[in-house]
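Participant: Quick one, data-v6.cif (mmCIF, C-alpha atoms; chains and numbers go by the auth columns):
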data_target
#
loop_
_atom_site.group_PDB
_atom_site.id
_atom_site.type_symbol
_atom_site.label_atom_id
_atom_site.label_comp_id
_atom_site.label_asym_id
_atom_site.label_seq_id
_atom_site.Cartn_x
_atom_site.Cartn_y
_atom_site.Cartn_z
_atom_site.B_iso_or_equiv
_atom_site.auth_seq_id
_atom_site.auth_asym_id
ATOM 1 C CA MET A 1 73.255 75.194 70.034 0.00 1 A
ATOM 2 C CA LYS A 2 74.589 72.484 72.337 0.00 2 A
ATOM 3 C CA LYS A 3 77.823 74.428 72.844 0.00 3 A
ATOM 4 C CA ILE A 4 75.806 77.583 73.539 0.00 4 A
ATOM 5 C CA PHE A 5 73.954 75.798 76.347 0.00 5 A
ATOM 6 C CA LEU A 6 77.278 74.726 77.871 0.00 6 A
ATOM 7 C CA SER A 7 78.724 78.230 77.539 0.00 7 A
ATOM 8 C CA LEU A 8 75.683 79.807 79.197 0.00 8 A
ATOM 9 C CA SER A 9 75.822 77.252 81.999 0.00 9 A
ATOM 10 C CA ILE A 10 79.479 78.078 82.681 0.00 10 A
ATOM 11 C CA ILE A 11 78.845 81.842 82.548 0.00 11 A
ATOM 12 C CA PHE A 12 75.978 81.676 85.053 0.00 12 A
ATOM 13 C CA PHE A 13 77.843 79.355 87.428 0.00 13 A
ATOM 14 C CA VAL A 14 81.067 81.389 87.312 0.00 14 A
ATOM 15 C CA TYR A 15 79.214 84.653 87.921 0.00 15 A
ATOM 16 C CA ALA A 16 77.219 83.211 90.822 0.00 16 A
ATOM 17 C CA VAL A 17 80.306 81.711 92.492 0.00 17 A
ATOM 18 C CA ALA A 18 82.336 84.896 92.001 0.00 18 A
ATOM 19 C CA MET A 19 79.610 87.048 93.558 0.00 19 A
ATOM 20 C CA LEU A 20 79.135 84.610 96.426 0.00 20 A
ATOM 21 C CA VAL A 21 82.862 84.752 97.228 0.00 21 A
ATOM 22 C CA GLN A 22 82.838 88.541 96.955 0.00 22 A
ATOM 23 C CA THR A 23 79.750 89.208 99.068 0.00 23 A
ATOM 24 C CA THR A 24 79.610 86.060 101.275 0.00 24 A
ATOM 25 C CA ASN A 25 75.843 86.481 101.015 0.00 25 A
ATOM 26 C CA MET A 26 73.608 83.902 99.334 0.00 26 A
ATOM 27 C CA ASP A 27 70.423 85.671 98.294 0.00 27 A
ATOM 28 C CA MET A 28 67.588 85.059 95.833 0.00 28 A
ATOM 29 C CA GLY A 29 69.467 86.819 93.046 0.00 29 A
ATOM 30 C CA LEU A 30 72.378 84.395 93.252 0.00 30 A
ATOM 31 C CA THR A 31 69.978 81.480 93.650 0.00 31 A
ATOM 32 C CA VAL A 32 68.456 82.380 90.277 0.00 32 A
ATOM 33 C CA PHE A 33 71.890 82.440 88.605 0.00 33 A
ATOM 34 C CA PHE A 34 72.830 79.059 90.102 0.00 34 A
ATOM 35 C CA LEU A 35 69.460 77.717 88.930 0.00 35 A
ATOM 36 C CA LEU A 36 69.971 79.084 85.405 0.00 36 A
ATOM 37 C CA GLY A 37 73.414 77.492 85.313 0.00 37 A
ATOM 38 C CA ALA A 38 71.897 74.153 86.312 0.00 38 A
ATOM 39 C CA ILE A 39 69.087 74.438 83.741 0.00 39 A
ATOM 40 C CA PHE A 40 71.472 75.167 80.861 0.00 40 A
ATOM 41 C CA PHE A 41 73.766 72.360 81.955 0.00 41 A
ATOM 42 C CA ILE A 42 70.825 69.937 81.885 0.00 42 A
ATOM 43 C CA LEU A 43 69.883 71.238 78.426 0.00 43 A
ATOM 44 C CA PHE A 44 73.475 70.590 77.330 0.00 44 A
ATOM 45 C CA TYR A 45 73.685 67.155 78.959 0.00 45 A
ATOM 46 C CA LYS A 46 70.234 66.063 77.724 0.00 46 A
ATOM 47 C CA TYR A 47 70.412 67.940 74.450 0.00 47 A
ATOM 48 C CA GLU A 48 68.512 65.464 72.273 0.00 48 A
ATOM 49 C CA ALA A 49 65.680 65.138 74.806 0.00 49 A
ATOM 50 C CA ALA A 50 65.535 68.924 75.181 0.00 50 A
ATOM 51 C CA ILE A 51 65.236 69.437 71.414 0.00 51 A
ATOM 52 C CA TYR A 52 62.517 66.776 71.215 0.00 52 A
ATOM 53 C CA LEU A 53 60.480 68.429 73.987 0.00 53 A
ATOM 54 C CA PHE A 54 60.995 71.872 72.482 0.00 54 A
ATOM 55 C CA LYS A 55 59.638 70.748 69.104 0.00 55 A
ATOM 56 C CA LYS A 56 56.699 69.006 70.786 0.00 56 A
ATOM 57 C CA TYR A 57 55.772 72.001 72.962 0.00 57 A
ATOM 58 C CA LYS A 58 57.204 74.767 70.813 0.00 58 A
ATOM 59 C CA LYS A 59 54.326 77.245 71.131 0.00 59 A
ATOM 60 C CA VAL A 60 53.992 76.830 74.873 0.00 60 A
ATOM 61 C CA THR A 61 57.746 77.108 75.388 0.00 61 A
ATOM 62 C CA LEU A 62 58.167 80.209 73.223 0.00 62 A
ATOM 63 C CA THR A 63 55.115 81.882 74.753 0.00 63 A
ATOM 64 C CA SER A 64 56.383 81.214 78.275 0.00 64 A
ATOM 65 C CA ILE A 65 59.873 82.516 77.490 0.00 65 A
ATOM 66 C CA LEU A 66 58.527 85.631 75.772 0.00 66 A
ATOM 67 C CA THR A 67 56.113 86.360 78.628 0.00 67 A
ATOM 68 C CA LEU A 68 58.891 85.991 81.183 0.00 68 A
ATOM 69 C CA LEU A 69 61.202 88.279 79.221 0.00 69 A
ATOM 70 C CA LEU A 70 58.517 90.940 78.786 0.00 70 A
ATOM 71 C CA PHE A 71 57.673 90.822 82.474 0.00 71 A
ATOM 72 C CA ALA A 72 61.346 91.170 83.421 0.00 72 A
ATOM 73 C CA ALA A 73 61.729 94.050 80.935 0.00 73 A
ATOM 74 C CA THR A 74 58.736 95.821 82.487 0.00 74 A
ATOM 75 C CA LEU A 75 60.188 95.523 85.996 0.00 75 A
ATOM 76 C CA GLU A 76 63.607 96.656 84.758 0.00 76 A
ATOM 77 C CA THR A 77 62.020 99.715 83.136 0.00 77 A
ATOM 78 C CA LEU A 78 60.299 100.633 86.415 0.00 78 A
ATOM 79 C CA ILE A 79 63.563 100.190 88.326 0.00 79 A
ATOM 80 C CA LEU A 80 65.587 102.307 85.889 0.00 80 A
ATOM 81 C CA ALA A 81 62.947 105.033 85.680 0.00 81 A
ATOM 82 C CA SER A 82 63.128 105.518 89.469 0.00 82 A
ATOM 83 C CA ALA A 83 66.890 105.164 89.820 0.00 83 A
ATOM 84 C CA ASN A 84 67.840 108.776 90.530 0.00 84 A
ATOM 85 C CA THR A 85 71.488 109.104 91.569 0.00 85 A
ATOM 86 C CA ASP A 86 71.769 112.855 90.938 0.00 86 A
ATOM 87 C CA PRO A 87 71.438 115.057 94.062 0.00 87 A
ATOM 88 C CA GLN A 88 70.608 117.987 91.775 0.00 88 A
ATOM 89 C CA LYS A 89 67.278 116.323 90.983 0.00 89 A
ATOM 90 C CA VAL A 90 66.219 116.395 94.634 0.00 90 A
ATOM 91 C CA SER A 91 63.755 119.272 94.849 0.00 91 A
ATOM 92 C CA GLY A 92 62.934 121.424 97.852 0.00 92 A
ATOM 93 C CA LYS A 93 64.622 121.852 101.212 0.00 93 A
ATOM 94 C CA ILE A 94 65.392 118.549 102.917 0.00 94 A
ATOM 95 C CA ASP A 95 65.218 118.381 106.712 0.00 95 A
ATOM 96 C CA THR A 96 65.935 114.690 107.312 0.00 96 A
ATOM 97 C CA ILE A 97 67.894 112.038 105.436 0.00 97 A
ATOM 98 C CA LEU A 98 66.628 108.515 105.995 0.00 98 A
ATOM 99 C CA VAL A 99 69.305 105.944 105.123 0.00 99 A
ATOM 100 C CA LEU A 100 68.111 102.357 104.719 0.00 100 A
ATOM 101 C CA GLY A 101 70.255 99.427 105.829 0.00 101 A
ATOM 102 C CA GLY A 102 71.956 97.332 103.174 0.00 102 A
ATOM 103 C CA GLY A 103 74.184 94.749 104.834 0.00 103 A
ATOM 104 C CA THR A 104 77.231 94.732 107.111 0.00 104 A
ATOM 105 C CA LYS A 105 80.441 92.724 107.307 0.00 105 A
ATOM 106 C CA ASN A 106 82.690 92.409 110.353 0.00 106 A
ATOM 107 C CA ASN A 107 80.768 95.196 112.106 0.00 107 A
ATOM 108 C CA ARG A 108 81.418 97.571 109.210 0.00 108 A
ATOM 109 C CA PRO A 109 79.134 98.673 106.387 0.00 109 A
ATOM 110 C CA GLY A 110 79.205 96.260 103.454 0.00 110 A
ATOM 111 C CA ALA A 111 79.844 97.581 99.955 0.00 111 A
ATOM 112 C CA VAL A 112 76.170 98.309 99.231 0.00 112 A
ATOM 113 C CA LEU A 113 75.528 99.998 102.578 0.00 113 A
ATOM 114 C CA LYS A 114 78.748 102.010 102.344 0.00 114 A
ATOM 115 C CA GLY A 115 77.563 103.330 98.981 0.00 115 A
ATOM 116 C CA ARG A 116 74.292 104.471 100.544 0.00 116 A
ATOM 117 C CA LEU A 117 76.022 106.154 103.479 0.00 117 A
ATOM 118 C CA ASP A 118 78.567 107.866 101.224 0.00 118 A
ATOM 119 C CA GLN A 119 75.762 109.198 99.036 0.00 119 A
ATOM 120 C CA ALA A 120 74.010 110.561 102.127 0.00 120 A
ATOM 121 C CA LEU A 121 77.257 112.151 103.341 0.00 121 A
ATOM 122 C CA ALA A 122 77.845 113.766 99.947 0.00 122 A
ATOM 123 C CA TYR A 123 74.363 115.300 100.068 0.00 123 A
ATOM 124 C CA ALA A 124 74.806 116.432 103.687 0.00 124 A
ATOM 125 C CA GLU A 125 78.104 118.117 102.847 0.00 125 A
ATOM 126 C CA LYS A 126 76.200 120.666 100.767 0.00 126 A
ATOM 127 C CA HIS A 127 73.245 120.759 103.190 0.00 127 A
ATOM 128 C CA PRO A 128 74.871 120.972 106.644 0.00 128 A
ATOM 129 C CA ASP A 129 71.619 121.457 108.561 0.00 129 A
ATOM 130 C CA VAL A 130 70.049 118.087 107.719 0.00 130 A
ATOM 131 C CA THR A 131 69.538 115.443 110.371 0.00 131 A
ATOM 132 C CA PHE A 132 69.808 111.687 109.842 0.00 132 A
ATOM 133 C CA ILE A 133 67.722 108.635 110.591 0.00 133 A
ATOM 134 C CA VAL A 134 69.573 105.355 110.045 0.00 134 A
ATOM 135 C CA SER A 135 67.435 102.233 109.886 0.00 135 A
ATOM 136 C CA GLY A 136 68.588 98.641 110.218 0.00 136 A
ATOM 137 C CA GLY A 137 68.142 95.866 112.745 0.00 137 A
ATOM 138 C CA LEU A 138 70.218 92.959 113.973 0.00 138 A
ATOM 139 C CA GLY A 139 70.930 90.542 111.143 0.00 139 A
ATOM 140 C CA PHE A 140 71.237 86.777 111.493 0.00 140 A
ATOM 141 C CA GLY A 141 74.462 85.865 113.270 0.00 141 A
ATOM 142 C CA LYS A 142 75.325 89.508 113.923 0.00 142 A
ATOM 143 C CA THR A 143 76.194 91.075 117.284 0.00 143 A
ATOM 144 C CA THR A 144 75.702 94.749 116.389 0.00 144 A
ATOM 145 C CA SER A 145 72.664 96.278 114.688 0.00 145 A
ATOM 146 C CA GLU A 146 72.964 97.872 111.267 0.00 146 A
ATOM 147 C CA GLY A 147 71.640 101.113 112.729 0.00 147 A
ATOM 148 C CA THR A 148 74.498 101.303 115.219 0.00 148 A
ATOM 149 C CA ILE A 149 77.100 100.467 112.557 0.00 149 A
ATOM 150 C CA MET A 150 75.620 103.119 110.264 0.00 150 A
ATOM 151 C CA LYS A 151 75.668 105.743 113.010 0.00 151 A
ATOM 152 C CA ASN A 152 79.295 104.936 113.828 0.00 152 A
ATOM 153 C CA TYR A 153 80.256 105.309 110.160 0.00 153 A
ATOM 154 C CA LEU A 154 78.556 108.696 109.887 0.00 154 A
ATOM 155 C CA ILE A 155 80.293 109.901 113.071 0.00 155 A
ATOM 156 C CA GLU A 156 83.651 108.735 111.703 0.00 156 A
ATOM 157 C CA ASN A 157 82.974 110.891 108.662 0.00 157 A
ATOM 158 C CA GLY A 158 82.245 114.085 110.564 0.00 158 A
ATOM 159 C CA ILE A 159 78.537 113.968 111.445 0.00 159 A
ATOM 160 C CA GLN A 160 77.786 115.020 115.028 0.00 160 A
ATOM 161 C CA PRO A 161 76.121 112.233 117.067 0.00 161 A
ATOM 162 C CA GLU A 162 73.206 114.472 118.079 0.00 162 A
ATOM 163 C CA ARG A 163 72.202 114.781 114.421 0.00 163 A
ATOM 164 C CA ILE A 164 71.663 111.023 114.096 0.00 164 A
ATOM 165 C CA THR A 165 68.646 108.987 115.224 0.00 165 A
ATOM 166 C CA ILE A 166 68.830 105.180 115.142 0.00 166 A
ATOM 167 C CA GLU A 167 66.073 102.733 114.263 0.00 167 A
ATOM 168 C CA GLU A 168 67.427 99.249 114.952 0.00 168 A
ATOM 169 C CA LYS A 169 64.481 96.847 114.815 0.00 169 A
ATOM 170 C CA ALA A 170 63.804 96.711 111.079 0.00 170 A
ATOM 171 C CA THR A 171 64.765 93.623 109.092 0.00 171 A
ATOM 172 C CA SER A 172 63.099 94.553 105.774 0.00 172 A
ATOM 173 C CA THR A 173 62.375 97.594 103.631 0.00 173 A
ATOM 174 C CA TYR A 174 58.766 97.556 104.788 0.00 174 A
ATOM 175 C CA GLU A 175 59.853 97.626 108.435 0.00 175 A
ATOM 176 C CA ASN A 176 62.481 100.307 107.683 0.00 176 A
ATOM 177 C CA LEU A 177 59.736 102.643 106.568 0.00 177 A
ATOM 178 C CA LEU A 178 57.055 101.550 109.012 0.00 178 A
ATOM 179 C CA TYR A 179 59.251 101.963 112.101 0.00 179 A
ATOM 180 C CA THR A 180 60.927 105.212 111.037 0.00 180 A
ATOM 181 C CA LYS A 181 57.586 106.835 110.194 0.00 181 A
ATOM 182 C CA GLU A 182 57.084 107.599 113.895 0.00 182 A
ATOM 183 C CA MET A 183 60.519 109.247 114.097 0.00 183 A
ATOM 184 C CA ILE A 184 59.826 111.753 111.328 0.00 184 A
ATOM 185 C CA GLN A 185 58.518 115.138 112.420 0.00 185 A
ATOM 186 C CA PRO A 186 55.157 116.063 110.822 0.00 186 A
ATOM 187 C CA ASP A 187 56.522 119.020 108.835 0.00 187 A
ATOM 188 C CA ASP A 188 59.872 117.474 107.890 0.00 188 A
ATOM 189 C CA GLN A 189 60.869 117.112 104.265 0.00 189 A
ATOM 190 C CA VAL A 190 62.460 113.682 103.995 0.00 190 A
ATOM 191 C CA LEU A 191 65.043 112.298 101.579 0.00 191 A
ATOM 192 C CA ILE A 192 65.295 108.513 101.481 0.00 192 A
ATOM 193 C CA VAL A 193 68.777 107.329 100.500 0.00 193 A
ATOM 194 C CA THR A 194 69.153 103.749 99.341 0.00 194 A
ATOM 195 C CA SER A 195 70.614 101.915 96.337 0.00 195 A
ATOM 196 C CA ASP A 196 69.496 103.072 92.900 0.00 196 A
ATOM 197 C CA PHE A 197 67.863 99.730 91.998 0.00 197 A
ATOM 198 C CA HIS A 198 65.949 99.803 95.310 0.00 198 A
ATOM 199 C CA LEU A 199 64.250 103.186 94.861 0.00 199 A
ATOM 200 C CA PHE A 200 61.175 102.019 92.941 0.00 200 A
ATOM 201 C CA ARG A 201 60.171 99.478 95.585 0.00 201 A
ATOM 202 C CA THR A 202 61.099 101.836 98.413 0.00 202 A
ATOM 203 C CA LYS A 203 58.836 104.575 97.053 0.00 203 A
ATOM 204 C CA MET A 204 56.007 102.094 96.521 0.00 204 A
ATOM 205 C CA ILE A 205 56.191 100.932 100.145 0.00 205 A
ATOM 206 C CA ALA A 206 56.671 104.476 101.455 0.00 206 A
ATOM 207 C CA ARG A 207 53.401 105.561 99.857 0.00 207 A
ATOM 208 C CA ARG A 208 51.620 102.591 101.437 0.00 208 A
ATOM 209 C CA VAL A 209 52.807 103.361 104.970 0.00 209 A
ATOM 210 C CA GLY A 210 52.207 107.101 104.565 0.00 210 A
ATOM 211 C CA VAL A 211 55.746 108.434 104.254 0.00 211 A
ATOM 212 C CA GLU A 212 56.082 111.330 101.808 0.00 212 A
ATOM 213 C CA ALA A 213 59.681 111.564 100.658 0.00 213 A
ATOM 214 C CA GLU A 214 62.119 112.291 97.877 0.00 214 A
ATOM 215 C CA GLY A 215 64.497 109.549 96.800 0.00 215 A
ATOM 216 C CA LEU A 216 68.227 109.453 96.085 0.00 216 A
ATOM 217 C CA GLY A 217 70.066 106.315 95.028 0.00 217 A
ATOM 218 C CA SER A 218 73.659 105.170 95.244 0.00 218 A
ATOM 219 C CA PRO A 219 75.022 103.372 92.166 0.00 219 A
ATOM 220 C CA LEU A 220 76.222 99.781 92.313 0.00 220 A
ATOM 221 C CA ARG A 221 79.426 98.322 91.007 0.00 221 A
ATOM 222 C CA ILE A 222 78.791 96.960 87.517 0.00 222 A
ATOM 223 C CA SER A 223 79.532 93.400 88.632 0.00 223 A
ATOM 224 C CA SER A 224 76.750 93.548 91.233 0.00 224 A
ATOM 225 C CA VAL A 225 74.031 94.850 88.904 0.00 225 A
ATOM 226 C CA PRO A 226 72.741 91.508 87.498 0.00 226 A
ATOM 227 C CA GLN A 227 72.485 89.881 90.927 0.00 227 A
ATOM 228 C CA ALA A 228 70.870 92.905 92.578 0.00 228 A
ATOM 229 C CA HIS A 229 68.361 93.562 89.802 0.00 229 A
ATOM 230 C CA VAL A 230 67.239 89.934 89.499 0.00 230 A
ATOM 231 C CA ARG A 231 66.771 89.787 93.263 0.00 231 A
ATOM 232 C CA GLU A 232 64.819 93.039 93.111 0.00 232 A
ATOM 233 C CA TYR A 233 62.394 91.631 90.513 0.00 233 A
ATOM 234 C CA MET A 234 61.276 89.018 93.033 0.00 234 A
ATOM 235 C CA ALA A 235 61.288 91.498 95.902 0.00 235 A
ATOM 236 C CA ILE A 236 58.995 93.857 93.963 0.00 236 A
ATOM 237 C CA ILE A 237 56.516 91.048 93.321 0.00 237 A
ATOM 238 C CA LYS A 238 56.589 90.026 96.987 0.00 238 A
ATOM 239 C CA SER A 239 56.224 93.610 98.204 0.00 239 A
ATOM 240 C CA TYR A 240 53.314 94.297 95.859 0.00 240 A
ATOM 241 C CA PHE A 241 51.263 91.512 97.416 0.00 241 A
ATOM 242 C CA THR A 242 52.466 91.475 101.041 0.00 242 A
ATOM 243 C CA ASP A 243 53.928 94.805 102.183 0.00 243 A
ATOM 244 C CA ARG A 244 50.715 96.643 102.988 0.00 244 A
#
Please, can you express the file's structure as structure tokens?
Facilitator:
Amino acid sequence: MKKIFLSLSIIFFVYAVAMLVQTTNMDMGLTVFFLLGAIFFILFYKYEAAIYLFKKYKKVTLTSILTLLLFAATLETLILASANTDPQKVSGKIDTILVLGGGTKNNRPGAVLKGRLDQALAYAEKHPDVTFIVSGGLGFGKTTSEGTIMKNYLIENGIQPERITIEEKATSTYENLLYTKEMIQPDDQVLIVTSDFHLFRTKMIARRVGVEAEGLGSPLRISSVPQAHVREYMAIIKSYFTDR
């Protein structure tokens, strides 16, 4: 068991460091993995004390772990159930594609945001009459808003500038939807394009602010899934209580 604790500590630390180097973005998902690495290292380093405390508080410990795992499994089920990445499952005629910001790097879309924009472009290729709303504000330390970077990327890939409307104040999913609500025409059928893991929370917030829309997700690279999903667990909890 002691060696297992050490192995888990190394796995969590290595994953967190690798993702931090890859994304240059320290978020709550990576914080959790660093924290798990630290916890398992402490369990390894203080193994005898950990075993003593486990035996003394066995029921409480097992109940807490089981409750946490069940809660995480419930959130994961909700995320996966909403994670539509198939354009064929989008019903009805779409008038407007709303693309949500997802991070930039060196004034270019980051990997997550590029995936969202490419998914929107793929849908628009078969539906040439759709218009776009791109939503994303000015991030910390940035000089160009996400909305502007997103518009530039769409133009580079063949979308006429007049088909694109920018919202560049939003700094959260809640603000994405709240601010773009006023840009959507009353009779428009809207398709929200974001990452697959983000669709459940996006739809929840959209209903709260009064935006009726379909959803289409872009898949993540496999290596990014643990970080993104763990971060999303906490974001769902926060949104449930605060984004109203």
Participant: Just give me the residues with any atom within 9 Å of (72.0, 94.5, 104.0), file coordinates, counting all atoms listed in the file, written as a list in words.
Facilitator: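 Checked against the point, the hits come out as Leu100, Gly101, Gly102, Gly103, Thr104, Pro109, Gly110, Val112, Leu113, Gly136, Gly139, Glu146 and Thr171 of chain A.
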Participant: Can you list every residue of region 5-28 of chain A that has an atom at most 12 Å from region 37-50 of chain A, with its nearest atom pair and the distance in Å to one decimal, using only C-alpha atoms, ordered by chain then number, as a tab-separated table?
Facilitator:
residue	atom	partner	partner_atom	distance
A:Phe5	CA	A:Phe40	CA	5.2
A:Leu6	CA	A:Phe44	CA	5.6
A:Ser7	CA	A:Phe40	CA	8.5
A:Leu8	CA	A:Phe40	CA	6.5
A:Ser9	CA	A:Gly37	CA	4.1
A:Ile10	CA	A:Gly37	CA	6.6
A:Ile11	CA	A:Gly37	CA	7.5
A:Phe12	CA	A:Gly37	CA	4.9
A:Phe13	CA	A:Gly37	CA	5.2
A:Val14	CA	A:Gly37	CA	8.8
A:Tyr15	CA	A:Gly37	CA	9.6
A:Ala16	CA	A:Gly37	CA	8.8
A:Val17	CA	A:Gly37	CA	10.8
Participant: I'd like the residues picked by the PyMOL selection byres ((chain A and resi 144) around 12) written out as number ranges by chain, using the chain letters and numbers from the file.
Facilitator: A: 103-109, 136-143, 145-152, 168-169
Participant: Selection from above, C-alpha atoms, as a PDB file, in the frame of the given file, can you write it?
Facilitator:
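The new file part_32.pdb reads:
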ATOM      1  CA  GLY A 103      74.184  94.749 104.834  1.00  0.00           C
ATOM      2  CA  THR A 104      77.231  94.732 107.111  1.00  0.00           C
ATOM      3  CA  LYS A 105      80.441  92.724 107.307  1.00  0.00           C
ATOM      4  CA  ASN A 106      82.690  92.409 110.353  1.00  0.00           C
ATOM      5  CA  ASN A 107      80.768  95.196 112.106  1.00  0.00           C
ATOM      6  CA  ARG A 108      81.418  97.571 109.210  1.00  0.00           C
ATOM      7  CA  PRO A 109      79.134  98.673 106.387  1.00  0.00           C
ATOM      8  CA  GLY A 136      68.588  98.641 110.218  1.00  0.00           C
ATOM      9  CA  GLY A 137      68.142  95.866 112.745  1.00  0.00           C
ATOM     10  CA  LEU A 138      70.218  92.959 113.973  1.00  0.00           C
ATOM     11  CA  GLY A 139      70.930  90.542 111.143  1.00  0.00           C
ATOM     12  CA  PHE A 140      71.237  86.777 111.493  1.00  0.00           C
ATOM     13  CA  GLY A 141      74.462  85.865 113.270  1.00  0.00           C
ATOM     14  CA  LYS A 142      75.325  89.508 113.923  1.00  0.00           C
ATOM     15  CA  THR A 143      76.194  91.075 117.284  1.00  0.00           C
ATOM     16  CA  SER A 145      72.664  96.278 114.688  1.00  0.00           C
ATOM     17  CA  GLU A 146      72.964  97.872 111.267  1.00  0.00           C
ATOM     18  CA  GLY A 147      71.640 101.113 112.729  1.00  0.00           C
ATOM     19  CA  THR A 148      74.498 101.303 115.219  1.00  0.00           C
ATOM     20  CA  ILE A 149      77.100 100.467 112.557  1.00  0.00           C
ATOM     21  CA  MET A 150      75.620 103.119 110.264  1.00  0.00           C
ATOM     22  CA  LYS A 151      75.668 105.743 113.010  1.00  0.00           C
ATOM     23  CA  ASN A 152      79.295 104.936 113.828  1.00  0.00           C
ATOM     24  CA  GLU A 168      67.427  99.249 114.952  1.00  0.00           C
ATOM     25  CA  LYS A 169      64.481  96.847 114.815  1.00  0.00           C
TER      26      LYS A 169
END
Participant: Using only C-alpha atoms, which residues sit within 8 Å of Ile97 (chain A) once same-chain residues fewer than 4 positions away are excluded, as a PyMOL selection string?
Facilitator: chain A and resi 120+130-133+190-193
Participant: Interatomic distance between CA of Glu162 (chain A) and CA of Gln189 (chain A)?
Facilitator: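 Computing the Euclidean distance for CA of Glu162 (chain A) and CA of Gln189 (chain A) yields 18.7 Å.
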Participant: In Å, with one decimal, what is the gap from CA of Leu199 (chain A) to CA of Ile79 (chain A)?
Facilitator: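 Distance reported for this atom pair: 7.2 Å.
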Participant: So which residues get picked by the PyMOL selection byres ((chain A and resi 207-224) around 8) here, written as number ranges by chain?
Facilitator: A: 19, 83-87, 90-91, 112, 115-116, 119, 177-178, 181, 189-199, 203-206, 225-228, 244
Participant: Which is closest to Tyr233 (chain A) among A:Gln160, A:Ser172, A:Thr74, A:Gln185, if we use only C-alpha atoms?
Facilitator: A:Thr74
Participant: Counting only C-alpha atoms, figure out which residue out of A:Ala81, A:Ala122, A:Leu75, A:Leu98 gets nearest to Glu167 (chain A).
Facilitator: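 Of A:Ala81, A:Ala122, A:Leu75, A:Leu98, the one nearest Glu167 (chain A), counting only C-alpha atoms, is A:Leu98.
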Participant: Counting only C-alpha atoms, which of A:Met183, A:Leu35, A:Val134, A:Val230 gets nearest to Pro161 (chain A)?
Facilitator: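 Ranking A:Met183, A:Leu35, A:Val134, A:Val230 by distance to Pro161 (chain A), first place goes to A:Val134.
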Participant: Find the distance between CA of Ala18 (chain A) and CA of Lys114 (chain A) and write it in Å to one decimal.
Facilitator: 20.3 Å
Participant: Between A:Ser64, A:Thr180, A:Gln22, A:Thr173, single out the one closest to Asp243 (chain A), counting only C-alpha atoms.
Facilitator: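 Smallest separation from Asp243 (chain A) among the options: A:Thr173.
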